[in-house]
Each structure stands twice: as structure tokens, then as C-alpha cells.
>>> print(open('structure_15.pdb').read())   # PDB, C-alpha atoms
ATOM      1  CA  MET W   1      63.500  70.712  72.412
ATOM      2  CA  LYS W   2      64.013  74.428  72.844
ATOM      3  CA  LYS W   3      61.367  74.516  75.613
ATOM      4  CA  LEU W   4      63.115  71.654  77.410
ATOM      5  CA  LEU W   5      66.443  73.485  77.167
ATOM      6  CA  ASN W   6      64.884  76.607  78.676
ATOM      7  CA  ILE W   7      63.488  74.586  81.563
ATOM      8  CA  ILE W   8      66.936  73.114  82.207
ATOM      9  CA  LEU W   9      68.558  76.568  82.152
ATOM     10  CA  ILE W  10      65.975  77.956  84.567
ATOM     11  CA  PHE W  11      66.523  74.992  86.887
ATOM     12  CA  MET W  12      70.281  75.561  86.788
ATOM     13  CA  PHE W  13      69.829  79.264  87.556
ATOM     14  CA  VAL W  14      67.577  78.582  90.540
ATOM     15  CA  SER W  15      69.985  75.957  91.843
ATOM     16  CA  CYS W  16      72.886  78.428  91.653
ATOM     17  CA  GLN W  17      70.842  81.054  93.509
ATOM     18  CA  ALA W  18      70.143  78.541  96.265
ATOM     19  CA  GLN W  19      73.856  78.183  96.909
ATOM     20  CA  THR W  20      74.005  81.468  98.811
ATOM     21  CA  THR W  21      76.948  82.990 100.627
ATOM     22  CA  PRO W  22      77.242  81.642 104.199
ATOM     23  CA  GLU W  23      76.053  83.969 106.941
ATOM     24  CA  VAL W  24      79.572  84.118 108.368
ATOM     25  CA  SER W  25      82.844  83.601 106.501
ATOM     26  CA  LEU W  26      86.441  83.245 107.637
ATOM     27  CA  VAL W  27      89.244  84.302 105.294
ATOM     28  CA  ILE W  28      92.963  83.748 105.755
ATOM     29  CA  LEU W  29      94.706  87.113 105.409
ATOM     30  CA  GLY W  30      98.220  85.872 106.165
ATOM     31  CA  THR W  31     100.141  82.678 106.914
ATOM     32  CA  VAL W  32     103.720  83.714 107.712
ATOM     33  CA  GLN W  33     105.474  84.022 111.092
ATOM     34  CA  ASP W  34     105.994  87.450 112.725
ATOM     35  CA  GLY W  35     109.140  88.451 110.814
ATOM     36  CA  GLY W  36     107.577  87.894 107.421
ATOM     37  CA  SER W  37     109.006  86.450 104.228
ATOM     38  CA  PRO W  38     111.539  87.514 103.087
ATOM     39  CA  HIS W  39     112.944  87.767 106.597
ATOM     40  CA  ILE W  40     115.215  90.621 107.598
ATOM     41  CA  GLY W  41     118.890  89.666 107.385
ATOM     42  CA  CYS W  42     118.185  86.276 105.796
ATOM     43  CA  LYS W  43     120.771  85.187 103.215
ATOM     44  CA  LYS W  44     119.355  81.709 102.653
ATOM     45  CA  ASP W  45     117.776  80.467  99.440
ATOM     46  CA  CYS W  46     114.321  80.761 101.014
ATOM     47  CA  CYS W  47     114.614  84.558 100.984
ATOM     48  CA  SER W  48     117.292  85.485  98.449
ATOM     49  CA  THR W  49     114.998  85.976  95.441
ATOM     50  CA  LEU W  50     112.089  87.408  97.437
ATOM     51  CA  PHE W  51     113.884  90.664  98.244
ATOM     52  CA  ASP W  52     113.978  91.520  94.529
ATOM     53  CA  HIS W  53     110.746  89.728  93.628
ATOM     54  CA  PRO W  54     108.332  89.827  96.588
ATOM     55  CA  ASN W  55     105.470  87.348  96.751
ATOM     56  CA  PRO W  56     102.259  89.311  97.505
ATOM     57  CA  ASP W  57     100.781  86.224  99.184
ATOM     58  CA  ARG W  58     103.479  86.224 101.882
ATOM     59  CA  LYS W  59     101.718  88.156 104.630
ATOM     60  CA  VAL W  60     102.019  87.748 108.394
ATOM     61  CA  VAL W  61      99.395  85.540 110.055
ATOM     62  CA  SER W  62      95.937  87.024 110.393
ATOM     63  CA  LEU W  63      92.353  85.876 110.013
ATOM     64  CA  GLY W  64      89.406  87.951 108.883
ATOM     65  CA  VAL W  65      85.850  87.059 109.869
ATOM     66  CA  ILE W  66      82.836  88.528 108.091
ATOM     67  CA  ASP W  67      79.267  88.490 109.366
ATOM     68  CA  HIS W  68      77.493  89.037 106.050
ATOM     69  CA  THR W  69      74.049  89.265 107.630
ATOM     70  CA  ASN W  70      74.986  92.118 109.972
ATOM     71  CA  LYS W  71      77.629  93.589 107.660
ATOM     72  CA  LYS W  72      80.317  93.400 110.343
ATOM     73  CA  THR W  73      83.982  92.454 109.963
ATOM     74  CA  PHE W  74      86.550  91.355 112.537
ATOM     75  CA  LEU W  75      90.315  90.943 112.357
ATOM     76  CA  PHE W  76      92.342  88.446 114.358
ATOM     77  CA  ASP W  77      95.778  89.934 115.134
ATOM     78  CA  ALA W  78      97.156  93.266 113.985
ATOM     79  CA  THR W  79     100.235  92.470 111.923
ATOM     80  CA  PRO W  80     102.913  94.564 110.194
ATOM     81  CA  ASP W  81     100.863  93.898 107.034
ATOM     82  CA  LEU W  82      97.818  95.632 108.518
ATOM     83  CA  PRO W  83      97.271  98.209 105.720
ATOM     84  CA  SER W  84      96.780  95.609 102.989
ATOM     85  CA  GLN W  85      94.900  93.264 105.317
ATOM     86  CA  PHE W  86      92.467  96.053 106.248
ATOM     87  CA  LYS W  87      91.833  96.637 102.557
ATOM     88  CA  LEU W  88      91.318  92.945 101.844
ATOM     89  CA  LEU W  89      88.908  92.547 104.758
ATOM     90  CA  LYS W  90      86.962  95.619 103.627
ATOM     91  CA  GLU W  91      86.624  94.110 100.150
ATOM     92  CA  TRP W  92      85.560  90.711 101.491
ATOM     93  CA  GLY W  93      82.972  92.406 103.706
ATOM     94  CA  GLN W  94      81.815  94.732 100.923
ATOM     95  CA  LYS W  95      81.842  97.640 103.352
ATOM     96  CA  ASP W  96      82.464 101.367 103.000
ATOM     97  CA  GLU W  97      84.403 101.683 106.264
ATOM     98  CA  GLU W  98      88.159 101.122 106.084
ATOM     99  CA  ALA W  99      88.495  99.731 109.620
ATOM    100  CA  PRO W 100      86.906  96.495 110.845
ATOM    101  CA  ASP W 101      84.330  96.394 113.634
ATOM    102  CA  GLY W 102      86.829  94.831 116.000
ATOM    103  CA  ILE W 103      90.377  93.497 116.308
ATOM    104  CA  PHE W 104      91.151  90.495 118.514
ATOM    105  CA  LEU W 105      94.768  90.242 119.733
ATOM    106  CA  THR W 106      96.471  86.989 120.704
ATOM    107  CA  HIS W 107      99.612  88.351 122.416
ATOM    108  CA  ALA W 108     102.388  90.947 122.502
ATOM    109  CA  HIS W 109     104.896  89.569 119.987
ATOM    110  CA  ILE W 110     105.692  91.799 117.038
ATOM    111  CA  GLY W 111     103.709  90.004 114.367
ATOM    112  CA  HIS W 112     100.499  90.020 116.376
ATOM    113  CA  TYR W 113      99.922  93.552 117.654
ATOM    114  CA  THR W 114     102.363  96.070 116.156
ATOM    115  CA  GLY W 115     100.051  96.713 113.199
ATOM    116  CA  LEU W 116      98.085  98.868 115.642
ATOM    117  CA  MET W 117     100.656 101.595 114.911
ATOM    118  CA  PHE W 118      98.924 102.239 111.585
ATOM    119  CA  LEU W 119      95.810 103.384 113.469
ATOM    120  CA  GLY W 120      97.638 106.346 115.012
ATOM    121  CA  ARG W 121      97.859 110.007 114.004
ATOM    122  CA  GLU W 122     100.906 109.379 111.794
ATOM    123  CA  ALA W 123      98.833 107.084 109.599
ATOM    124  CA  MET W 124      95.093 106.340 109.639
ATOM    125  CA  GLY W 125      94.116 108.448 112.639
ATOM    126  CA  SER W 126      91.256 106.053 113.303
ATOM    127  CA  SER W 127      88.393 106.648 115.704
ATOM    128  CA  SER W 128      87.604 104.206 118.524
ATOM    129  CA  VAL W 129      88.363 100.952 116.711
ATOM    130  CA  PRO W 130      87.432  98.214 119.229
ATOM    131  CA  VAL W 131      90.499  96.181 120.230
ATOM    132  CA  TYR W 132      89.769  93.022 122.227
ATOM    133  CA  ALA W 133      92.603  91.969 124.527
ATOM    134  CA  MET W 134      93.280  89.954 127.663
ATOM    135  CA  PRO W 135      93.955  91.875 130.939
ATOM    136  CA  LYS W 136      97.776  91.892 130.761
ATOM    137  CA  MET W 137      97.729  92.681 127.056
ATOM    138  CA  GLN W 138      95.310  95.526 127.738
ATOM    139  CA  SER W 139      97.535  96.855 130.534
ATOM    140  CA  PHE W 140     100.586  96.646 128.272
ATOM    141  CA  LEU W 141      98.881  98.804 125.639
ATOM    142  CA  LYS W 142      97.606 101.316 128.190
ATOM    143  CA  ASN W 143     100.908 101.804 129.981
ATOM    144  CA  ASN W 144     103.542 101.697 127.246
ATOM    145  CA  GLY W 145     104.162 104.154 124.445
ATOM    146  CA  PRO W 146     103.487 104.510 121.609
ATOM    147  CA  TRP W 147     100.464 102.252 122.182
ATOM    148  CA  SER W 148      99.238 104.331 125.115
ATOM    149  CA  GLN W 149      98.832 107.264 122.733
ATOM    150  CA  LEU W 150      96.388 105.242 120.660
ATOM    151  CA  VAL W 151      94.300 104.853 123.811
ATOM    152  CA  ALA W 152      94.668 108.483 124.916
ATOM    153  CA  LEU W 153      93.712 109.836 121.492
ATOM    154  CA  LYS W 154      90.853 107.343 121.215
ATOM    155  CA  ASN W 155      92.243 105.833 118.025
ATOM    156  CA  ILE W 156      91.398 102.498 119.638
ATOM    157  CA  GLU W 157      88.905 101.475 122.302
ATOM    158  CA  LEU W 158      90.136  98.625 124.469
ATOM    159  CA  LYS W 159      87.690  95.805 125.205
ATOM    160  CA  GLU W 160      88.786  93.323 127.859
ATOM    161  CA  VAL W 161      88.287  89.620 127.244
ATOM    162  CA  LYS W 162      88.753  86.860 129.788
ATOM    163  CA  ASN W 163      89.938  83.288 129.526
ATOM    164  CA  GLU W 164      87.193  80.960 128.247
ATOM    165  CA  GLU W 165      84.475  83.637 128.508
ATOM    166  CA  ALA W 166      82.490  84.007 125.285
ATOM    167  CA  VAL W 167      82.105  87.384 123.614
ATOM    168  CA  ALA W 168      79.031  87.736 121.403
ATOM    169  CA  VAL W 169      80.172  90.315 118.860
ATOM    170  CA  THR W 170      76.996  89.869 116.779
ATOM    171  CA  ASN W 171      73.920  87.658 117.005
ATOM    172  CA  LYS W 172      75.637  85.342 114.496
ATOM    173  CA  LEU W 173      79.161  85.277 115.895
ATOM    174  CA  LYS W 174      80.799  84.381 119.224
ATOM    175  CA  VAL W 175      84.480  84.446 120.125
ATOM    176  CA  ILE W 176      86.056  82.580 123.058
ATOM    177  CA  PRO W 177      89.677  83.233 124.121
ATOM    178  CA  VAL W 178      91.708  80.413 125.652
ATOM    179  CA  THR W 179      95.135  80.853 127.218
ATOM    180  CA  VAL W 180      98.043  78.787 125.908
ATOM    181  CA  PRO W 181     101.642  78.441 127.143
ATOM    182  CA  HIS W 182     104.057  80.692 125.267
ATOM    183  CA  ARG W 183     106.830  83.218 125.927
ATOM    184  CA  ASP W 184     104.705  85.698 127.870
ATOM    185  CA  GLU W 185     107.237  88.491 128.390
ATOM    186  CA  PHE W 186     104.683  91.306 128.083
ATOM    187  CA  SER W 187     101.243  89.679 128.004
ATOM    188  CA  GLU W 188      99.281  86.459 128.144
ATOM    189  CA  THR W 189      99.014  84.393 124.969
ATOM    190  CA  VAL W 190      95.640  83.168 123.793
ATOM    191  CA  GLY W 191      94.102  81.254 120.965
ATOM    192  CA  TYR W 192      90.496  81.806 119.932
ATOM    193  CA  THR W 193      87.500  79.630 119.202
ATOM    194  CA  ILE W 194      85.396  81.439 116.599
ATOM    195  CA  ILE W 195      81.786  80.240 116.481
ATOM    196  CA  GLY W 196      79.422  81.003 113.623
ATOM    197  CA  PRO W 197      75.818  79.890 113.026
ATOM    198  CA  GLN W 198      76.866  76.611 111.382
ATOM    199  CA  LYS W 199      80.519  75.889 112.120
ATOM    200  CA  SER W 200      83.393  76.817 114.402
ATOM    201  CA  ALA W 201      87.145  77.321 114.106
ATOM    202  CA  LEU W 202      90.076  77.119 116.522
ATOM    203  CA  PHE W 203      92.932  79.581 115.939
ATOM    204  CA  ILE W 204      96.225  78.974 117.786
ATOM    205  CA  PRO W 205      99.047  80.680 115.857
ATOM    206  CA  ASP W 206     101.555  80.448 118.734
ATOM    207  CA  ILE W 207     102.135  77.863 121.464
ATOM    208  CA  ASP W 208     105.302  76.429 123.004
ATOM    209  CA  LYS W 209     104.566  72.695 122.777
ATOM    210  CA  TRP W 210     101.267  70.816 122.819
ATOM    211  CA  SER W 211     102.490  68.797 125.825
ATOM    212  CA  LYS W 212     102.842  71.976 127.904
ATOM    213  CA  TRP W 213      99.171  72.887 127.496
ATOM    214  CA  GLU W 214      96.750  71.854 130.229
ATOM    215  CA  LYS W 215      94.236  70.979 127.529
ATOM    216  CA  SER W 216      94.412  68.152 125.005
ATOM    217  CA  ILE W 217      94.799  69.549 121.496
ATOM    218  CA  ILE W 218      93.241  66.354 120.154
ATOM    219  CA  ASP W 219      90.117  66.960 122.253
ATOM    220  CA  GLU W 220      90.020  70.596 121.143
ATOM    221  CA  ILE W 221      90.220  69.601 117.468
ATOM    222  CA  LYS W 222      87.231  67.309 117.968
ATOM    223  CA  LYS W 223      85.129  70.235 119.239
ATOM    224  CA  VAL W 224      85.490  72.370 116.094
ATOM    225  CA  ASP W 225      85.160  72.158 112.320
ATOM    226  CA  TYR W 226      88.491  73.820 111.497
ATOM    227  CA  ALA W 227      91.725  74.070 113.489
ATOM    228  CA  PHE W 228      94.329  76.623 112.372
ATOM    229  CA  LEU W 229      97.409  75.537 114.292
ATOM    230  CA  ASP W 230     100.956  76.735 114.924
ATOM    231  CA  ALA W 231     103.332  75.292 112.330
ATOM    232  CA  SER W 232     106.243  77.697 112.693
ATOM    233  CA  PHE W 233     108.874  75.053 111.939
ATOM    234  CA  PHE W 234     108.607  71.836 109.971
ATOM    235  CA  ASP W 235     111.421  70.233 111.990
ATOM    236  CA  GLY W 236     114.576  71.196 113.881
ATOM    237  CA  ASN W 237     116.866  71.152 110.858
ATOM    238  CA  GLU W 238     115.736  74.548 109.585
ATOM    239  CA  ILE W 239     116.737  76.367 112.790
ATOM    240  CA  ASN W 240     120.120  74.804 113.469
ATOM    241  CA  ASN W 241     121.617  78.288 113.921
ATOM    242  CA  ARG W 242     119.322  79.212 116.851
ATOM    243  CA  ASP W 243     118.793  77.948 120.393
ATOM    244  CA  ILE W 244     115.429  76.190 120.106
ATOM    245  CA  SER W 245     114.742  76.827 123.811
ATOM    246  CA  GLU W 246     114.419  80.523 122.933
ATOM    247  CA  ILE W 247     111.771  79.890 120.282
ATOM    248  CA  PRO W 248     109.830  76.746 121.250
ATOM    249  CA  HIS W 249     106.998  75.735 118.932
ATOM    250  CA  PRO W 250     105.505  72.354 118.009
ATOM    251  CA  PHE W 251     107.324  71.077 114.927
ATOM    252  CA  VAL W 252     104.983  70.010 112.139
ATOM    253  CA  ILE W 253     106.462  66.523 112.259
ATOM    254  CA  GLU W 254     105.648  66.395 115.997
ATOM    255  CA  SER W 255     102.064  67.509 115.414
ATOM    256  CA  MET W 256     101.556  64.972 112.640
ATOM    257  CA  ALA W 257     102.896  62.217 114.902
ATOM    258  CA  LEU W 258     100.569  63.330 117.708
ATOM    259  CA  PHE W 259      97.562  63.402 115.365
ATOM    260  CA  LYS W 260      98.385  60.260 113.382
ATOM    261  CA  LEU W 261      95.716  58.062 115.020
ATOM    262  CA  LEU W 262      92.927  60.537 114.372
ATOM    263  CA  PRO W 263      90.365  59.436 111.784
ATOM    264  CA  ALA W 264      90.628  61.065 108.368
ATOM    265  CA  SER W 265      87.684  63.369 109.100
ATOM    266  CA  GLU W 266      89.488  64.810 112.143
ATOM    267  CA  LYS W 267      92.843  65.155 110.370
ATOM    268  CA  ASN W 268      91.094  67.086 107.621
ATOM    269  CA  LYS W 269      90.135  69.754 110.176
ATOM    270  CA  VAL W 270      93.797  70.650 110.744
ATOM    271  CA  HIS W 271      95.125  73.587 108.750
ATOM    272  CA  PHE W 272      98.749  74.347 109.559
ATOM    273  CA  ILE W 273      99.565  78.080 109.712
ATOM    274  CA  HIS W 274     102.182  80.595 111.013
ATOM    275  CA  PHE W 275     105.129  79.437 108.900
ATOM    276  CA  ASN W 276     108.646  80.653 109.615
ATOM    277  CA  HIS W 277     110.421  81.989 106.517
ATOM    278  CA  THR W 278     112.544  78.806 106.533
ATOM    279  CA  ASN W 279     109.549  76.471 106.584
ATOM    280  CA  PRO W 280     109.338  74.359 103.395
ATOM    281  CA  LEU W 281     105.531  74.328 103.680
ATOM    282  CA  LEU W 282     105.582  77.840 102.209
ATOM    283  CA  ASN W 283     106.440  76.056  98.971
ATOM    284  CA  THR W 284     103.419  73.885  98.241
ATOM    285  CA  SER W 285     105.487  71.903  95.719
ATOM    286  CA  SER W 286     108.053  70.833  98.328
ATOM    287  CA  ASP W 287     108.392  67.224  99.434
ATOM    288  CA  GLU W 288     107.474  68.295 102.964
ATOM    289  CA  ALA W 289     104.232  69.915 101.766
ATOM    290  CA  LYS W 290     103.355  66.798  99.789
ATOM    291  CA  LEU W 291     103.955  64.696 102.918
ATOM    292  CA  VAL W 292     101.589  66.859 104.996
ATOM    293  CA  LEU W 293      98.852  66.545 102.386
ATOM    294  CA  LYS W 294      99.466  62.815 101.959
ATOM    295  CA  ASN W 295      98.975  62.353 105.694
ATOM    296  CA  GLY W 296      95.546  63.970 105.465
ATOM    297  CA  PHE W 297      96.270  67.448 106.819
ATOM    298  CA  ASN W 298      95.944  70.876 105.191
ATOM    299  CA  ILE W 299      98.315  73.773 104.587
ATOM    300  CA  SER W 300      96.751  77.208 105.038
ATOM    301  CA  LYS W 301      96.905  79.459 101.992
ATOM    302  CA  PHE W 302      96.448  83.177 101.656
ATOM    303  CA  ASN W 303      92.859  84.095 100.713
ATOM    304  CA  ASP W 304      91.427  80.672 101.584
ATOM    305  CA  VAL W 305      87.777  81.095 102.627
ATOM    306  CA  PHE W 306      85.711  78.961 105.003
ATOM    307  CA  GLY W 307      82.025  79.160 105.864
ATOM    308  CA  LEU W 308      81.105  79.391 109.518
TER
END
>>> encode(input="structure_15.pdb", output="C-alpha cells")
Amino acid sequence: MKKLLNIILIFMFVSCQAQTTPEVSLVILGTVQDGGSPHIGCKKDCCSTLFDHPNPDRKVVSLGVIDHTNKKTFLFDATPDLPSQFKLLKEWGQKDEEAPDGIFLTHAHIGHYTGLMFLGREAMGSSSVPVYAMPKMQSFLKNNGPWSQLVALKNIELKEVKNEEAVAVTNKLKVIPVTVPHRDEFSETVGYTIIGPQKSALFIPDIDKWSKWEKSIIDEIKKVDYAFLDASFFDGNEINNRDISEIPHPFVIESMALFKLLPASEKNKVHFIHFNHTNPLLNTSSDEAKLVLKNGFNISKFNDVFGL
């Protein structure tokens, strides 16, 4: 009996060892819209208690990607929460270096690039951190202070990316930018397809409306294994004090209606992300969150991990 038990334990141990870490992992380092949560100046219930009792999971939208084989890490968007997100990505990648091996920027709105300020001489004083950006975004950083100082002092090293041209950052990982319609005051806006050895992910944190895009979001979902999609607002009721034309985004209820005929396997690829501080999906116990899950979709959560 004892011998049989030992055989079973050995079998269990070997089985556990076989379930190795994927070669490439994606981790969600933030889910909240640019202004964060609590939001500056907000007097609503959604923020009132958070000023005195902050939620450490409420970080601005960012993804981390780790190539475990090559011991490389990459950050998607440089947010105002960059210091803690750097630390988290370092821990996930089990690296000694504080900075990742590259930062991919989506566009020039405050939640997506201003974290670069922490790389300057007033803070980290980093050395040649690769920053991947589209041509207009690259020009914006080169020609406007204080960002231009990061370039001049070689705190960052700009790497130009082009629409729908793949960048092989390692032999296990490719990244493809794709332009999307958004408020492009200072730069283009892109999403990214992130391709690992086994699976791929689409990351579009900001877009005006799906109908304004020359591509079909339904077709793009079918091409990948995960789709992290703009869900800034659940519906129009939460922003009744603002002109929606100034801040167009696809409402979650609009996206769910657009995706309703997808089979369950395709709906399950959708992970809503980039939640405004007013968005009830930030509360996973809300009726709205329960409705999203009931309809077969997912709500992105801080520190969620996906194998690529």
C-alpha cells in the first residue's frame, strides 16, 4: 500500500513539473482610464471613499509581456503609475534590471505616455530604454519638452514602428501596430497585436467608435486568442455632465450588441479594459458586471495573466 502511494505521489510530482510556465506571458498591469481612480475633482460615490482608502488594484491601463525563454520584458503604454508597474513587471520577469527591454506607446494622451517622465534625470535617470512609437508620436517626443530632454540625454532610445509592420522583439515575440480612429491631437493612435509562440492578443485601449474603423472588429477578434478592448464607459448615463462628442468611445452596451451573434468561443476572447472612474465594471459585484459576464464576455482584472 505504501509503495502504491509513493508511486502515485511521484506521478503527481512529474505531472506538475510537466505543466511548465508558458514561453511568453501577458500580465495586466492596469485597467483604469487615463485619469485614474479616484479621479481628480470627482465628488461622486465612485471616488469619495477612494481618496481616503485607495485601492492598490486601480492602476491606469498597461500590459506587461514577458518572454521567459529570453528573459526579456516589454511594457505597453507608459502610464502615471509607471513606477509600480515597472516593479511589477520586473518581478513577473524575475529580472535584475529595473527597466523593461522595451516600451510600446499607443498614443499621446496623458494616461499612455506621460509615465516616461519617470525615466528622466529627476527620477530614474535611465539609460537608452527602447521606446517604440509611430512616426508622429516619435516626432512629438523629439520636438516637445520635457520629452525631448529624455531623447537628448539618452534616457530613452526611440524606435519607429509603422502601421501593420511586424516588429520581432525576440525570436518568440512579434508586435504589430495598427492605426485606429481616435482624437489624434498630437500623434496617431494605434492598437497592437501581440504574437507569442502559441497564442496572440489584440490590445485596443482607445478608439472612437467601432463603426469609424476601416477594419471590422469582429474579424479582428476572430484572428486572435484574446482581445483587450476599449470599455471606457458602460453607457451614456455615467457621463451626462460631459459632451460625449469630446470623448467618443464605444459604450460597453454597444460593443455587446455588436458582438451578440458571435459564438460563445469568440465572445470569451473579449476582455473589456480601460474603465473610466465612473464605469460600474470596476465593481465586479455590480449588476452591470454581472450582465457582461452573463453575456459571455470578460472583465479585465489587475494582475490577470495569460499565456501566449
>>> axis_aligned_box(input="structure_15.pdb", around="range 59-73 of chain W", padding_each_side="6 Å", output="AutoDock Vina command-line options")
--center_x 88.0 --center_y 89.6 --center_z 107.5 --size_x 40.0 --size_y 20.0 --size_z 17.8
>>> residues_near_point(input="structure_15.pdb", point="(104.9, 76.7, 126.8)", cutoff="7 Å", atoms="all atoms listed in the file", output="PyMOL selection string")
chain W and resi 181-183+207-209+212-213
>>> resolve_selection(input="structure_15.pdb", expression="the PyMOL selection byres ((chain W and resi 109-126) around 8)", output="PDB file with C-alpha atoms, in the frame of the given file")
ATOM      1  CA  GLN W  33     105.474  84.022 111.092  1.00  0.00           C
ATOM      2  CA  ASP W  34     105.994  87.450 112.725  1.00  0.00           C
ATOM      3  CA  GLY W  35     109.140  88.451 110.814  1.00  0.00           C
ATOM      4  CA  VAL W  60     102.019  87.748 108.394  1.00  0.00           C
ATOM      5  CA  VAL W  61      99.395  85.540 110.055  1.00  0.00           C
ATOM      6  CA  ASP W  77      95.778  89.934 115.134  1.00  0.00           C
ATOM      7  CA  ALA W  78      97.156  93.266 113.985  1.00  0.00           C
ATOM      8  CA  THR W  79     100.235  92.470 111.923  1.00  0.00           C
ATOM      9  CA  PRO W  80     102.913  94.564 110.194  1.00  0.00           C
ATOM     10  CA  ASP W  81     100.863  93.898 107.034  1.00  0.00           C
ATOM     11  CA  LEU W  82      97.818  95.632 108.518  1.00  0.00           C
ATOM     12  CA  PRO W  83      97.271  98.209 105.720  1.00  0.00           C
ATOM     13  CA  ALA W  99      88.495  99.731 109.620  1.00  0.00           C
ATOM     14  CA  LEU W 105      94.768  90.242 119.733  1.00  0.00           C
ATOM     15  CA  THR W 106      96.471  86.989 120.704  1.00  0.00           C
ATOM     16  CA  HIS W 107      99.612  88.351 122.416  1.00  0.00           C
ATOM     17  CA  ALA W 108     102.388  90.947 122.502  1.00  0.00           C
ATOM     18  CA  SER W 127      88.393 106.648 115.704  1.00  0.00           C
ATOM     19  CA  SER W 128      87.604 104.206 118.524  1.00  0.00           C
ATOM     20  CA  VAL W 129      88.363 100.952 116.711  1.00  0.00           C
ATOM     21  CA  PRO W 146     103.487 104.510 121.609  1.00  0.00           C
ATOM     22  CA  TRP W 147     100.464 102.252 122.182  1.00  0.00           C
ATOM     23  CA  GLN W 149      98.832 107.264 122.733  1.00  0.00           C
ATOM     24  CA  LEU W 150      96.388 105.242 120.660  1.00  0.00           C
ATOM     25  CA  ASN W 155      92.243 105.833 118.025  1.00  0.00           C
ATOM     26  CA  ILE W 156      91.398 102.498 119.638  1.00  0.00           C
TER      27      ILE W 156
END
>>> resolve_selection(input="structure_15.pdb", expression="the PyMOL selection byres ((chain W and resi 225) around 12)", output="VMD selection string")
chain W and resid 193 to 196 198 to 203 220 to 224 226 to 228 265 to 271 306 to 308
>>> resolve_selection(input="structure_15.pdb", expression="the PyMOL selection byres ((chain W and resi 178) around 9)", output="list in words")
Lys162, Asn163, Glu164, Glu165, Ile176, Pro177, Thr179, Val180, Thr189, Val190, Gly191, Tyr192 and Thr193 of chain W
>>> write_last_selection(input="structure_15.pdb", atoms="C-alpha atoms", output="short mmCIF file (atom, residue, chain, number, x, y, z; two decimals), keeping the file's coordinate frame")
data_model
loop_
_atom_site.label_atom_id
_atom_site.label_comp_id
_atom_site.auth_asym_id
_atom_site.auth_seq_id
_atom_site.Cartn_x
_atom_site.Cartn_y
_atom_site.Cartn_z
CA LYS W 162 88.75 86.86 129.79
CA ASN W 163 89.94 83.29 129.53
CA GLU W 164 87.19 80.96 128.25
CA GLU W 165 84.48 83.64 128.51
CA ILE W 176 86.06 82.58 123.06
CA PRO W 177 89.68 83.23 124.12
CA THR W 179 95.14 80.85 127.22
CA VAL W 180 98.04 78.79 125.91
CA THR W 189 99.01 84.39 124.97
CA VAL W 190 95.64 83.17 123.79
CA GLY W 191 94.10 81.25 120.96
CA TYR W 192 90.50 81.81 119.93
CA THR W 193 87.50 79.63 119.20
#
>>> closest_residue(input="structure_15.pdb", among="W:Val32, W:Val27, W:Cys42, W:Leu158", to="Asn276 in chain W", atoms="only C-alpha atoms")
W:Val32
>>> residues_near_point(input="structure_15.pdb", point="(99.0, 80.0, 110.5)", cutoff="6 Å", atoms="only C-alpha atoms", output="PyMOL selection string")
chain W and resi 31+61+205+230+272-274
>>> closest_residue(input="structure_15.pdb", among="W:Asn303, W:Asp287, W:Ile218, W:Asn237", to="Pro263 in chain W", atoms="only C-alpha atoms")
W:Ile218
>>> closest_residue(input="structure_15.pdb", among="W:Asp235, W:Thr284, W:Leu29, W:Lys215", to="Pro56 in chain W", atoms="only C-alpha atoms")
W:Leu29
>>> atom_distance(input="structure_15.pdb", atom1="CA of Ser48 in chain W", atom2="CA of Asn279 in chain W")
14.4 Å
>>> closest_residue(input="structure_15.pdb", among="W:Lys59, W:His277, W:Lys71, W:Lys260", to="Cys46 in chain W", atoms="all atoms listed in the file")
W:His277
>>> residues_around(input="structure_15.pdb", residues="Asn171 in chain W", least_positions_apart="3", cutoff="12 Å", atoms="only C-alpha atoms", output="ChimeraX atom specification")
/W:23-24,67-72,167-168,174-175,195-197
>>> closest_residue(input="structure_15.pdb", among="W:Ile103, W:Ala152, W:Cys47, W:Leu75", to="Leu282 in chain W", atoms="only C-alpha atoms")
W:Cys47
>>> closest_atom_pairs(input="structure_15.pdb", of="range 164-277 of chain W", to="range 288-293 of chain W", cutoff="9 Å", atoms="all atoms listed in the file", output="CSV")
residue,atom,partner,partner_atom,distance
W:Phe234,CA,W:Glu288,CA,7.9
W:Val252,CA,W:Val292,CA,8.5
W:Ile253,CA,W:Val292,CA,8.8
W:Met256,CA,W:Val292,CA,7.9
>>> atom_distance(input="structure_15.pdb", atom1="CA of Gly36 in chain W", atom2="CA of Phe275 in chain W")
8.9 Å
>>> atom_distance(input="structure_15.pdb", atom1="CA of Asn295 in chain W", atom2="CA of His39 in chain W")
29.0 Å
>>> closest_residue(input="structure_15.pdb", among="W:Thr73, W:Ser62, W:Ser148, W:Ser25", to="Val169 in chain W", atoms="all atoms listed in the file")
W:Thr73
